[in-house]
Amino acid sequence: MEMTLRWYGTDYDTVKLWQIRQIPGVKGVITTLYNKQAGELWEQDEIKALKREVEAEGMHIAGIESVNVSDAIKAATADRDLHIDNYIKTLENLGKEDIHMVCYNFMPVFDWTRSELARKREDGSTVLAYTQEAIDAINPEKMFESISGEMNGTVMPGWEPERMAHVKELFEIYKDVDEDKLFENIVYFLKAIMPVCNKYDIKMAIHPDDPAWSVFGLPRIINNEKNILKLMKAVDDVHNGVTFCSGSYGTSLENDLPHMIRALEGRIHFAHVRNLKFISPTNFEEAAHLSEDGTFDMYEIVKALYETGFDGPIRPDHGRMIWGEVAMPGYGLYDRALGATYINGLWEAIKKSHERGI
Ligand code: CS2
Ligand code: MN
């Protein structure tokens with residue numbers, strides 16, 4: 001595995017590359033072209049410039065998170081083939097720039113959803129949190145105003161004001177898209193991009209839906225072992241792979257995370273490792289990465305990754321806001337650096353135990 005950190009680019013991130021570089025063992029970043037809309041083409045020059053920027057700080061791009069898939073592709077509207085064509089050309093340009101891992105998701109309209117962006121914990125830290133009651137109380141057409149918590153000038157991905165203005169139309173295009181149709185659409189998309197992925201050895205890594213169930217009545221299909229294995233089988237190519245996000249699959253207590261990792265052996269190309277603390281099955285908050293601070297056994301998660309030969313980029317995921325840091329919720333420097341160090345420690349211990357036959 002390669003330890004990495006997500007970086008939101010010079011224009012958006014409060015965290016700088018030089019700071020990331022000082023985290024022990026982190027030489028790679030996961031980033032994207034943040035000014036691109038889903039469906040748009042990425043020119044090779046733009047990718048090259050991003051690469052140069054990262055490399056000038058002594059680091060490299062370990063993968064892209066994300067090349068977003070447009071709602072036209074997800075819902076199969078008229079622009080679908082045009083957007084797929086742009087996606088293929090984008091992958092080709094990434095391949096030419098020697099980038100071989102692309103994370104994406106197939107969640108309709110929104111990316112991950114939380115009901116609070118800054119729930120205060122006992123120790124004064126703040127975290128992203130979710131309660132089903134709060135989400136149920138939100139009127140989808142007014143949800144932008146309804147979201148609570150300290151925003152620090154940022155919003156959840158997919159909730160940008162310019163998108164929220166069109167949220168009604170976005171919901172409209174999913175009117176006839178149920179889970180089966182969404183599945184058909186993702187298979188169509190993956191089959192179309194597999195040739196370019198094979199040509200440039202680009203590993204596609206689908207991020208799970210978060211939370212792992214339908215919100216606002218929109219279909220969700222990347223949420224449990226059965227469904228993700230179904231997708232792996234439907235397009236049975238190693239380039240059709242997975243981002244194993246413990247915090248997203250883990251939103252459902254029915255998901256046995258180490259078991260899922262083992263079932264997905266060979267198809268996990270990227271890992272997001274974080275912990276959640278459950279108050280009830282539909283009320284959870286994002287904890288520190290340490291096992292005892294949350295509900296998951298992080299040792300078993302990292303061990304399953306190690307034992308299945310995972311060798312892609314891994315990153316801590318959302319961190320708590322600690323030590324007075326002001327940053328994008330979930331994406332401050334301090335707690336993610338602690339998370340990276342903790343995961344590195346687990347990995348080293350597990351690896352040495354194996355090597356020494358302990
Ligand atoms: C990320 C996702 O912040 C997060 O939880 O893991 O937003 C992820 O980047 C996207 O779903 C991938 O397209
Ligand atoms: Mn994630």
# chains A, B, ... in the order shown; residues from 1 in each chain; ligands from 1
>>> select_by_dssp(residues="stretch 3-200 of chain A", states="helix (DSSP H, G or I)", output="ChimeraX atom specification")
/A:17-21,44-55,71-75,80-96,132-136,140-146,161-164,167-173,179-200
>>> residues_near_ligand(ligand="ligand 2", cutoff="10 Å", atoms="only C-alpha atoms and all ligand atoms", output="PDB file with N, CA and C atoms, in the first residue's frame")
ATOM      1  N   GLU A  65      -9.179  11.552  -7.374  1.00  0.00           N
ATOM      2  CA  GLU A  65     -10.473  11.462  -6.688  1.00  0.00           C
ATOM      3  C   GLU A  65     -11.100  12.840  -6.782  1.00  0.00           C
ATOM      4  N   CYS A 103     -10.830   7.291  -8.915  1.00  0.00           N
ATOM      5  CA  CYS A 103     -11.979   7.063  -8.034  1.00  0.00           C
ATOM      6  C   CYS A 103     -13.187   7.831  -8.585  1.00  0.00           C
ATOM      7  N   ASN A 105     -17.879   7.965  -8.146  1.00  0.00           N
ATOM      8  CA  ASN A 105     -19.031   7.356  -7.470  1.00  0.00           C
ATOM      9  C   ASN A 105     -20.216   7.354  -8.418  1.00  0.00           C
ATOM     10  N   TRP A 112     -21.712  12.187  -0.670  1.00  0.00           N
ATOM     11  CA  TRP A 112     -22.070  11.760   0.681  1.00  0.00           C
ATOM     12  C   TRP A 112     -22.996  12.774   1.351  1.00  0.00           C
ATOM     13  N   HIS A 207     -16.422   4.485  -5.503  1.00  0.00           N
ATOM     14  CA  HIS A 207     -16.625   4.823  -4.087  1.00  0.00           C
ATOM     15  C   HIS A 207     -18.044   4.424  -3.685  1.00  0.00           C
ATOM     16  N   PRO A 208     -18.188   3.826  -2.501  1.00  0.00           N
ATOM     17  CA  PRO A 208     -19.548   3.417  -2.096  1.00  0.00           C
ATOM     18  C   PRO A 208     -20.467   4.599  -1.802  1.00  0.00           C
ATOM     19  N   ASP A 209     -21.732   4.304  -1.794  1.00  0.00           N
ATOM     20  CA  ASP A 209     -22.760   5.288  -1.464  1.00  0.00           C
ATOM     21  C   ASP A 209     -22.701   5.555   0.045  1.00  0.00           C
ATOM     22  N   ASP A 210     -22.956   6.789   0.398  1.00  0.00           N
ATOM     23  CA  ASP A 210     -22.812   7.149   1.802  1.00  0.00           C
ATOM     24  C   ASP A 210     -23.905   8.137   2.196  1.00  0.00           C
ATOM     25  N   THR A 243     -13.148   1.437  -4.551  1.00  0.00           N
ATOM     26  CA  THR A 243     -12.560   2.192  -3.446  1.00  0.00           C
ATOM     27  C   THR A 243     -13.199   1.596  -2.212  1.00  0.00           C
ATOM     28  N   PHE A 244     -12.418   0.967  -1.371  1.00  0.00           N
ATOM     29  CA  PHE A 244     -13.021   0.442  -0.159  1.00  0.00           C
ATOM     30  C   PHE A 244     -12.997   1.540   0.894  1.00  0.00           C
ATOM     31  N   CYS A 245     -14.159   2.154   1.135  1.00  0.00           N
ATOM     32  CA  CYS A 245     -14.273   3.227   2.129  1.00  0.00           C
ATOM     33  C   CYS A 245     -14.971   2.641   3.359  1.00  0.00           C
ATOM     34  N   SER A 246     -14.189   2.439   4.418  1.00  0.00           N
ATOM     35  CA  SER A 246     -14.753   1.785   5.612  1.00  0.00           C
ATOM     36  C   SER A 246     -15.854   2.653   6.236  1.00  0.00           C
ATOM     37  N   GLY A 247     -15.675   3.973   6.179  1.00  0.00           N
ATOM     38  CA  GLY A 247     -16.662   4.862   6.790  1.00  0.00           C
ATOM     39  C   GLY A 247     -17.968   4.913   6.017  1.00  0.00           C
ATOM     40  N   SER A 248     -17.936   4.594   4.727  1.00  0.00           N
ATOM     41  CA  SER A 248     -19.168   4.636   3.929  1.00  0.00           C
ATOM     42  C   SER A 248     -19.887   3.289   3.972  1.00  0.00           C
ATOM     43  N   TYR A 249     -19.185   2.197   3.636  1.00  0.00           N
ATOM     44  CA  TYR A 249     -19.834   0.888   3.780  1.00  0.00           C
ATOM     45  C   TYR A 249     -20.229   0.678   5.240  1.00  0.00           C
ATOM     46  N   PHE A 270      -8.117   1.186  -4.109  1.00  0.00           N
ATOM     47  CA  PHE A 270      -7.952   2.416  -3.335  1.00  0.00           C
ATOM     48  C   PHE A 270      -8.686   2.165  -2.020  1.00  0.00           C
ATOM     49  N   ALA A 271      -8.093   2.645  -0.918  1.00  0.00           N
ATOM     50  CA  ALA A 271      -8.775   2.429   0.366  1.00  0.00           C
ATOM     51  C   ALA A 271      -8.889   3.733   1.149  1.00  0.00           C
ATOM     52  N   HIS A 272     -10.077   3.971   1.672  1.00  0.00           N
ATOM     53  CA  HIS A 272     -10.339   5.080   2.603  1.00  0.00           C
ATOM     54  C   HIS A 272     -10.580   4.420   3.947  1.00  0.00           C
ATOM     55  N   VAL A 273      -9.761   4.763   4.911  1.00  0.00           N
ATOM     56  CA  VAL A 273      -9.912   4.096   6.195  1.00  0.00           C
ATOM     57  C   VAL A 273     -10.286   5.116   7.270  1.00  0.00           C
ATOM     58  N   ARG A 274     -11.465   4.952   7.794  1.00  0.00           N
ATOM     59  CA  ARG A 274     -11.886   5.801   8.922  1.00  0.00           C
ATOM     60  C   ARG A 274     -12.888   5.058   9.781  1.00  0.00           C
ATOM     61  N   ARG A 315      -5.799   6.103   2.136  1.00  0.00           N
ATOM     62  CA  ARG A 315      -5.747   7.395   2.822  1.00  0.00           C
ATOM     63  C   ARG A 315      -6.674   7.398   4.028  1.00  0.00           C
ATOM     64  N   PRO A 316      -6.273   8.210   5.042  1.00  0.00           N
ATOM     65  CA  PRO A 316      -7.241   8.442   6.096  1.00  0.00           C
ATOM     66  C   PRO A 316      -8.387   9.189   5.449  1.00  0.00           C
ATOM     67  N   ASP A 317      -9.581   9.026   5.975  1.00  0.00           N
ATOM     68  CA  ASP A 317     -10.693   9.762   5.364  1.00  0.00           C
ATOM     69  C   ASP A 317     -11.045  10.916   6.289  1.00  0.00           C
ATOM     70  N   HIS A 318     -12.269  11.346   6.281  1.00  0.00           N
ATOM     71  CA  HIS A 318     -12.670  12.493   7.106  1.00  0.00           C
ATOM     72  C   HIS A 318     -12.025  12.444   8.493  1.00  0.00           C
TER      73      HIS A 318
END
>>> select_by_dssp(residues="stretch 103-349 of chain A", states="strand (DSSP E or B)", output="JSON, numbers by chain")
{"A": [103, 104, 105, 116, 117, 118, 119, 120, 126, 127, 128, 129, 130, 131, 148, 203, 204, 205, 206, 207, 240, 241, 242, 243, 244, 245, 268, 269, 270, 271, 272, 273, 276, 277, 278, 279, 280, 283, 284, 285, 286, 313, 314, 315, 316, 321]}
>>> atom_distance(atom1="atom CA of A:Pro108", atom2="atom 12 (C, counted along the ligand's line) of ligand 1")
12.1 Å
>>> residues_around(residues="A:Ile350", least_positions_apart="4", cutoff="12 Å", atoms="only C-alpha atoms", output="number ranges by chain")
A: 298-307, 343-346, 354-358
>>> residues_around(residues="A:Asp45", least_positions_apart="6", cutoff="10 Å", atoms="only C-alpha atoms", output="number ranges by chain")
A: 51, 93, 97
>>> closest_residue(among="A:Val69, A:Ile23, A:Ile268, A:Val15", to="A:Ala205", atoms="only C-alpha atoms")
A:Ile268
>>> closest_residue(among="A:Ser291, A:Thr10, A:Asn255, A:Asn185", to="A:Thr77", atoms="only C-alpha atoms")
A:Asn185
>>> residues_around(residues="stretch 78-88 of chain A", least_positions_apart="4", cutoff="6 Å", atoms="only C-alpha atoms", output="VMD selection string")
chain A and resid 39 41 72 to 73 193
>>> write_last_selection(atoms="all heavy atoms", output="PDB file, in the first residue's frame")
ATOM      1  N   GLY A  39     -18.725  15.505 -16.583  1.00  0.00           N
ATOM      2  CA  GLY A  39     -19.086  15.453 -18.006  1.00  0.00           C
ATOM      3  C   GLY A  39     -18.121  16.215 -18.891  1.00  0.00           C
ATOM      4  O   GLY A  39     -18.081  16.012 -20.108  1.00  0.00           O
ATOM      5  N   LEU A  41     -14.458  17.525 -20.444  1.00  0.00           N
ATOM      6  CA  LEU A  41     -13.199  16.889 -20.844  1.00  0.00           C
ATOM      7  C   LEU A  41     -12.006  17.503 -20.097  1.00  0.00           C
ATOM      8  O   LEU A  41     -11.931  18.716 -19.949  1.00  0.00           O
ATOM      9  CB  LEU A  41     -13.033  17.081 -22.362  1.00  0.00           C
ATOM     10  CG  LEU A  41     -11.671  16.763 -22.991  1.00  0.00           C
ATOM     11  CD1 LEU A  41     -11.380  15.274 -22.917  1.00  0.00           C
ATOM     12  CD2 LEU A  41     -11.648  17.234 -24.441  1.00  0.00           C
ATOM     13  N   ALA A  72     -26.139  12.914 -16.261  1.00  0.00           N
ATOM     14  CA  ALA A  72     -26.615  12.442 -17.574  1.00  0.00           C
ATOM     15  C   ALA A  72     -26.216  10.990 -17.797  1.00  0.00           C
ATOM     16  O   ALA A  72     -26.983  10.191 -18.344  1.00  0.00           O
ATOM     17  CB  ALA A  72     -26.036  13.326 -18.682  1.00  0.00           C
ATOM     18  N   ILE A  73     -25.012  10.648 -17.357  1.00  0.00           N
ATOM     19  CA  ILE A  73     -24.555   9.248 -17.481  1.00  0.00           C
ATOM     20  C   ILE A  73     -25.308   8.372 -16.478  1.00  0.00           C
ATOM     21  O   ILE A  73     -25.771   7.282 -16.808  1.00  0.00           O
ATOM     22  CB  ILE A  73     -23.024   9.149 -17.265  1.00  0.00           C
ATOM     23  CG1 ILE A  73     -22.267   9.883 -18.365  1.00  0.00           C
ATOM     24  CG2 ILE A  73     -22.590   7.686 -17.184  1.00  0.00           C
ATOM     25  CD1 ILE A  73     -20.752   9.943 -18.197  1.00  0.00           C
ATOM     26  N   ILE A 193     -16.014   2.298 -21.013  1.00  0.00           N
ATOM     27  CA  ILE A 193     -14.679   2.833 -20.686  1.00  0.00           C
ATOM     28  C   ILE A 193     -13.609   1.739 -20.513  1.00  0.00           C
ATOM     29  O   ILE A 193     -12.425   2.056 -20.452  1.00  0.00           O
ATOM     30  CB  ILE A 193     -14.695   3.741 -19.426  1.00  0.00           C
ATOM     31  CG1 ILE A 193     -15.085   2.949 -18.174  1.00  0.00           C
ATOM     32  CG2 ILE A 193     -15.608   4.958 -19.634  1.00  0.00           C
ATOM     33  CD1 ILE A 193     -14.866   3.712 -16.882  1.00  0.00           C
TER      34      ILE A 193
END
>>> closest_residue(among="A:Gly58, A:Val215, A:Leu253, A:Asn198", to="A:Asp111", atoms="only C-alpha atoms")
A:Val215
>>> atom_distance(atom1="atom CA of A:Ala62", atom2="atom CA of A:His289")
21.7 Å
>>> closest_residue(among="A:Gly309, A:Gly9, A:Pro329, A:Gly25", to="A:Gly266", atoms="only C-alpha atoms")
A:Gly309
>>> atom_distance(atom1="atom CA of A:Arg6", atom2="atom CA of A:Val29")
5.6 Å
>>> residues_around(residues="A:Lys230", least_positions_apart="2", cutoff="12 Å", atoms="only C-alpha atoms", output="list of chain:residue names")
A:Asp180, A:Phe183, A:Glu184, A:Ile186, A:Val187, A:Ile221, A:Ile222, A:Asn223, A:Asn224, A:Glu225, A:Lys226, A:Asn227, A:Ile228, A:Met232, A:Lys233, A:Ala234, A:Val235, A:Asp236, A:Asn240, A:Gly241, A:Ala263, A:Leu264
>>> write_last_selection(atoms="N, CA, C and O atoms", output="JSON list (two decimals), in the first residue's frame")
[["chain", "number", "residue", "atom", "x", "y", "z"],
["A", 180, "ASP", "N", -32.62, -1.01, -10.49],
["A", 180, "ASP", "CA", -32.23, -1.85, -11.63],
["A", 180, "ASP", "C", -31.74, -1.01, -12.80],
["A", 180, "ASP", "O", -30.77, -1.34, -13.48],
["A", 183, "PHE", "N", -28.35, 0.38, -12.13],
["A", 183, "PHE", "CA", -27.36, -0.68, -12.31],
["A", 183, "PHE", "C", -27.06, -0.87, -13.80],
["A", 183, "PHE", "O", -25.91, -0.96, -14.21],
["A", 184, "GLU", "N", -28.10, -0.89, -14.59],
["A", 184, "GLU", "CA", -27.92, -1.01, -16.06],
["A", 184, "GLU", "C", -27.06, 0.14, -16.58],
["A", 184, "GLU", "O", -26.19, -0.05, -17.42],
["A", 186, "ILE", "N", -24.82, 1.93, -14.96],
["A", 186, "ILE", "CA", -23.40, 1.87, -14.58],
["A", 186, "ILE", "C", -22.69, 0.80, -15.40],
["A", 186, "ILE", "O", -21.54, 0.99, -15.81],
["A", 187, "VAL", "N", -23.37, -0.28, -15.69],
["A", 187, "VAL", "CA", -22.75, -1.34, -16.50],
["A", 187, "VAL", "C", -22.47, -0.79, -17.92],
["A", 187, "VAL", "O", -21.39, -1.01, -18.48],
["A", 221, "ILE", "N", -27.04, 1.93, -5.07],
["A", 221, "ILE", "CA", -26.75, 0.53, -5.40],
["A", 221, "ILE", "C", -25.37, 0.05, -4.97],
["A", 221, "ILE", "O", -25.09, -1.14, -5.01],
["A", 222, "ILE", "N", -24.49, 0.97, -4.56],
["A", 222, "ILE", "CA", -23.13, 0.54, -4.18],
["A", 222, "ILE", "C", -23.05, 0.62, -2.67],
["A", 222, "ILE", "O", -22.48, 1.56, -2.09],
["A", 223, "ASN", "N", -23.69, -0.34, -2.02],
["A", 223, "ASN", "CA", -23.88, -0.19, -0.58],
["A", 223, "ASN", "C", -23.70, -1.45, 0.27],
["A", 223, "ASN", "O", -23.76, -1.36, 1.49],
["A", 224, "ASN", "N", -23.51, -2.59, -0.35],
["A", 224, "ASN", "CA", -23.27, -3.78, 0.47],
["A", 224, "ASN", "C", -22.49, -4.84, -0.34],
["A", 224, "ASN", "O", -22.24, -4.65, -1.54],
["A", 225, "GLU", "N", -22.14, -5.91, 0.33],
["A", 225, "GLU", "CA", -21.28, -6.92, -0.30],
["A", 225, "GLU", "C", -21.92, -7.54, -1.54],
["A", 225, "GLU", "O", -21.30, -7.67, -2.59],
["A", 226, "LYS", "N", -23.18, -7.87, -1.41],
["A", 226, "LYS", "CA", -23.87, -8.52, -2.52],
["A", 226, "LYS", "C", -23.88, -7.61, -3.76],
["A", 226, "LYS", "O", -23.56, -8.05, -4.87],
["A", 227, "ASN", "N", -24.25, -6.37, -3.56],
["A", 227, "ASN", "CA", -24.36, -5.46, -4.71],
["A", 227, "ASN", "C", -23.01, -5.13, -5.35],
["A", 227, "ASN", "O", -22.90, -5.04, -6.57],
["A", 228, "ILE", "N", -22.00, -4.96, -4.52],
["A", 228, "ILE", "CA", -20.70, -4.61, -5.12],
["A", 228, "ILE", "C", -20.12, -5.83, -5.85],
["A", 228, "ILE", "O", -19.53, -5.69, -6.93],
["A", 232, "MET", "N", -18.93, -6.22, -9.75],
["A", 232, "MET", "CA", -17.63, -6.77, -10.15],
["A", 232, "MET", "C", -17.80, -7.87, -11.20],
["A", 232, "MET", "O", -17.04, -7.99, -12.13],
["A", 233, "LYS", "N", -18.86, -8.66, -11.01],
["A", 233, "LYS", "CA", -19.13, -9.77, -11.91],
["A", 233, "LYS", "C", -19.69, -9.31, -13.26],
["A", 233, "LYS", "O", -19.36, -9.86, -14.31],
["A", 234, "ALA", "N", -20.53, -8.28, -13.20],
["A", 234, "ALA", "CA", -21.18, -7.80, -14.43],
["A", 234, "ALA", "C", -20.15, -7.27, -15.43],
["A", 234, "ALA", "O", -20.35, -7.37, -16.64],
["A", 235, "VAL", "N", -19.09, -6.66, -14.91],
["A", 235, "VAL", "CA", -17.99, -6.21, -15.78],
["A", 235, "VAL", "C", -16.73, -6.82, -15.17],
["A", 235, "VAL", "O", -16.07, -6.20, -14.33],
["A", 236, "ASP", "N", -16.44, -8.02, -15.58],
["A", 236, "ASP", "CA", -15.43, -8.81, -14.87],
["A", 236, "ASP", "C", -14.03, -8.53, -15.41],
["A", 236, "ASP", "O", -13.43, -9.36, -16.08],
["A", 240, "ASN", "N", -12.18, -2.73, -13.51],
["A", 240, "ASN", "CA", -13.43, -2.35, -12.83],
["A", 240, "ASN", "C", -13.28, -2.76, -11.36],
["A", 240, "ASN", "O", -13.53, -3.88, -10.98],
["A", 241, "GLY", "N", -12.84, -1.79, -10.56],
["A", 241, "GLY", "CA", -12.57, -2.10, -9.17],
["A", 241, "GLY", "C", -13.23, -1.13, -8.21],
["A", 241, "GLY", "O", -14.14, -0.38, -8.57],
["A", 263, "ALA", "N", -13.74, -10.60, 0.44],
["A", 263, "ALA", "CA", -14.55, -11.02, -0.71],
["A", 263, "ALA", "C", -14.14, -10.26, -1.98],
["A", 263, "ALA", "O", -14.33, -10.74, -3.09],
["A", 264, "LEU", "N", -13.58, -9.07, -1.78],
["A", 264, "LEU", "CA", -13.21, -8.23, -2.93],
["A", 264, "LEU", "C", -11.73, -8.35, -3.30],
["A", 264, "LEU", "O", -11.21, -7.52, -4.06]]
>>> residues_around(residues="A:Lys27", least_positions_apart="4", cutoff="12 Å", atoms="only C-alpha atoms", output="count of residues only")
25
>>> decode(residues="stretch 293-303 of chain A", atoms="all heavy atoms", output="compact mmCIF listing (two decimals), in the first residue's frame")
# COMPACT_ATOMS: atom_id res chain seq x y z
N ASP A 293 -12.06 4.63 19.83
CA ASP A 293 -12.86 5.85 19.81
C ASP A 293 -14.19 5.65 19.06
O ASP A 293 -15.08 6.50 19.12
CB ASP A 293 -12.06 6.99 19.15
CG ASP A 293 -12.69 8.36 19.43
OD1 ASP A 293 -12.97 8.64 20.61
OD2 ASP A 293 -12.93 9.11 18.47
N GLY A 294 -14.28 4.56 18.32
CA GLY A 294 -15.50 4.36 17.52
C GLY A 294 -16.03 2.95 17.63
O GLY A 294 -15.83 2.28 18.64
N THR A 295 -16.68 2.51 16.55
CA THR A 295 -17.36 1.22 16.57
C THR A 295 -16.57 0.13 15.83
O THR A 295 -16.74 -1.05 16.09
CB THR A 295 -18.77 1.41 15.94
OG1 THR A 295 -19.47 2.37 16.73
CG2 THR A 295 -19.56 0.13 15.88
N PHE A 296 -15.72 0.53 14.89
CA PHE A 296 -15.05 -0.47 14.05
C PHE A 296 -13.74 -0.97 14.67
O PHE A 296 -13.06 -0.24 15.38
CB PHE A 296 -14.72 0.10 12.66
CG PHE A 296 -15.89 0.69 11.94
CD1 PHE A 296 -15.69 1.70 11.00
CD2 PHE A 296 -17.18 0.25 12.19
CE1 PHE A 296 -16.77 2.25 10.33
CE2 PHE A 296 -18.26 0.81 11.51
CZ PHE A 296 -18.05 1.82 10.59
N ASP A 297 -13.41 -2.22 14.31
CA ASP A 297 -12.12 -2.77 14.70
C ASP A 297 -11.14 -2.45 13.57
O ASP A 297 -11.07 -3.17 12.56
CB ASP A 297 -12.26 -4.28 14.92
CG ASP A 297 -11.00 -4.90 15.48
OD1 ASP A 297 -9.90 -4.34 15.23
OD2 ASP A 297 -11.10 -5.93 16.16
N MET A 298 -10.40 -1.38 13.74
CA MET A 298 -9.54 -0.91 12.66
C MET A 298 -8.40 -1.88 12.36
O MET A 298 -7.94 -2.00 11.23
CB MET A 298 -8.98 0.48 13.00
CG MET A 298 -10.04 1.52 13.31
SD MET A 298 -11.25 1.74 11.98
CE MET A 298 -10.32 2.80 10.89
N TYR A 299 -7.97 -2.59 13.40
CA TYR A 299 -6.94 -3.61 13.21
C TYR A 299 -7.42 -4.66 12.22
O TYR A 299 -6.70 -5.02 11.28
CB TYR A 299 -6.61 -4.24 14.57
CG TYR A 299 -5.82 -5.52 14.50
CD1 TYR A 299 -4.44 -5.50 14.24
CD2 TYR A 299 -6.44 -6.75 14.71
CE1 TYR A 299 -3.72 -6.69 14.19
CE2 TYR A 299 -5.72 -7.94 14.65
CZ TYR A 299 -4.37 -7.90 14.38
OH TYR A 299 -3.66 -9.07 14.33
N GLU A 300 -8.65 -5.12 12.38
CA GLU A 300 -9.17 -6.17 11.48
C GLU A 300 -9.33 -5.65 10.05
O GLU A 300 -9.17 -6.39 9.09
CB GLU A 300 -10.51 -6.72 12.00
CG GLU A 300 -10.40 -7.56 13.26
CD GLU A 300 -9.60 -8.86 13.09
OE1 GLU A 300 -9.39 -9.30 11.93
OE2 GLU A 300 -9.17 -9.41 14.12
N ILE A 301 -9.68 -4.38 9.94
CA ILE A 301 -9.84 -3.78 8.60
C ILE A 301 -8.49 -3.72 7.89
O ILE A 301 -8.33 -4.16 6.74
CB ILE A 301 -10.49 -2.38 8.72
CG1 ILE A 301 -11.96 -2.52 9.14
CG2 ILE A 301 -10.36 -1.57 7.42
CD1 ILE A 301 -12.66 -1.22 9.50
N VAL A 302 -7.49 -3.19 8.58
CA VAL A 302 -6.16 -3.06 7.97
C VAL A 302 -5.56 -4.45 7.72
O VAL A 302 -4.94 -4.69 6.68
CB VAL A 302 -5.24 -2.17 8.85
CG1 VAL A 302 -3.83 -2.11 8.27
CG2 VAL A 302 -5.81 -0.76 8.96
N LYS A 303 -5.80 -5.38 8.65
CA LYS A 303 -5.29 -6.74 8.49
C LYS A 303 -5.89 -7.40 7.24
O LYS A 303 -5.18 -8.06 6.47
CB LYS A 303 -5.66 -7.55 9.75
CG LYS A 303 -5.05 -8.92 9.84
CD LYS A 303 -5.11 -9.37 11.31
CE LYS A 303 -4.66 -10.81 11.47
NZ LYS A 303 -5.77 -11.74 11.25
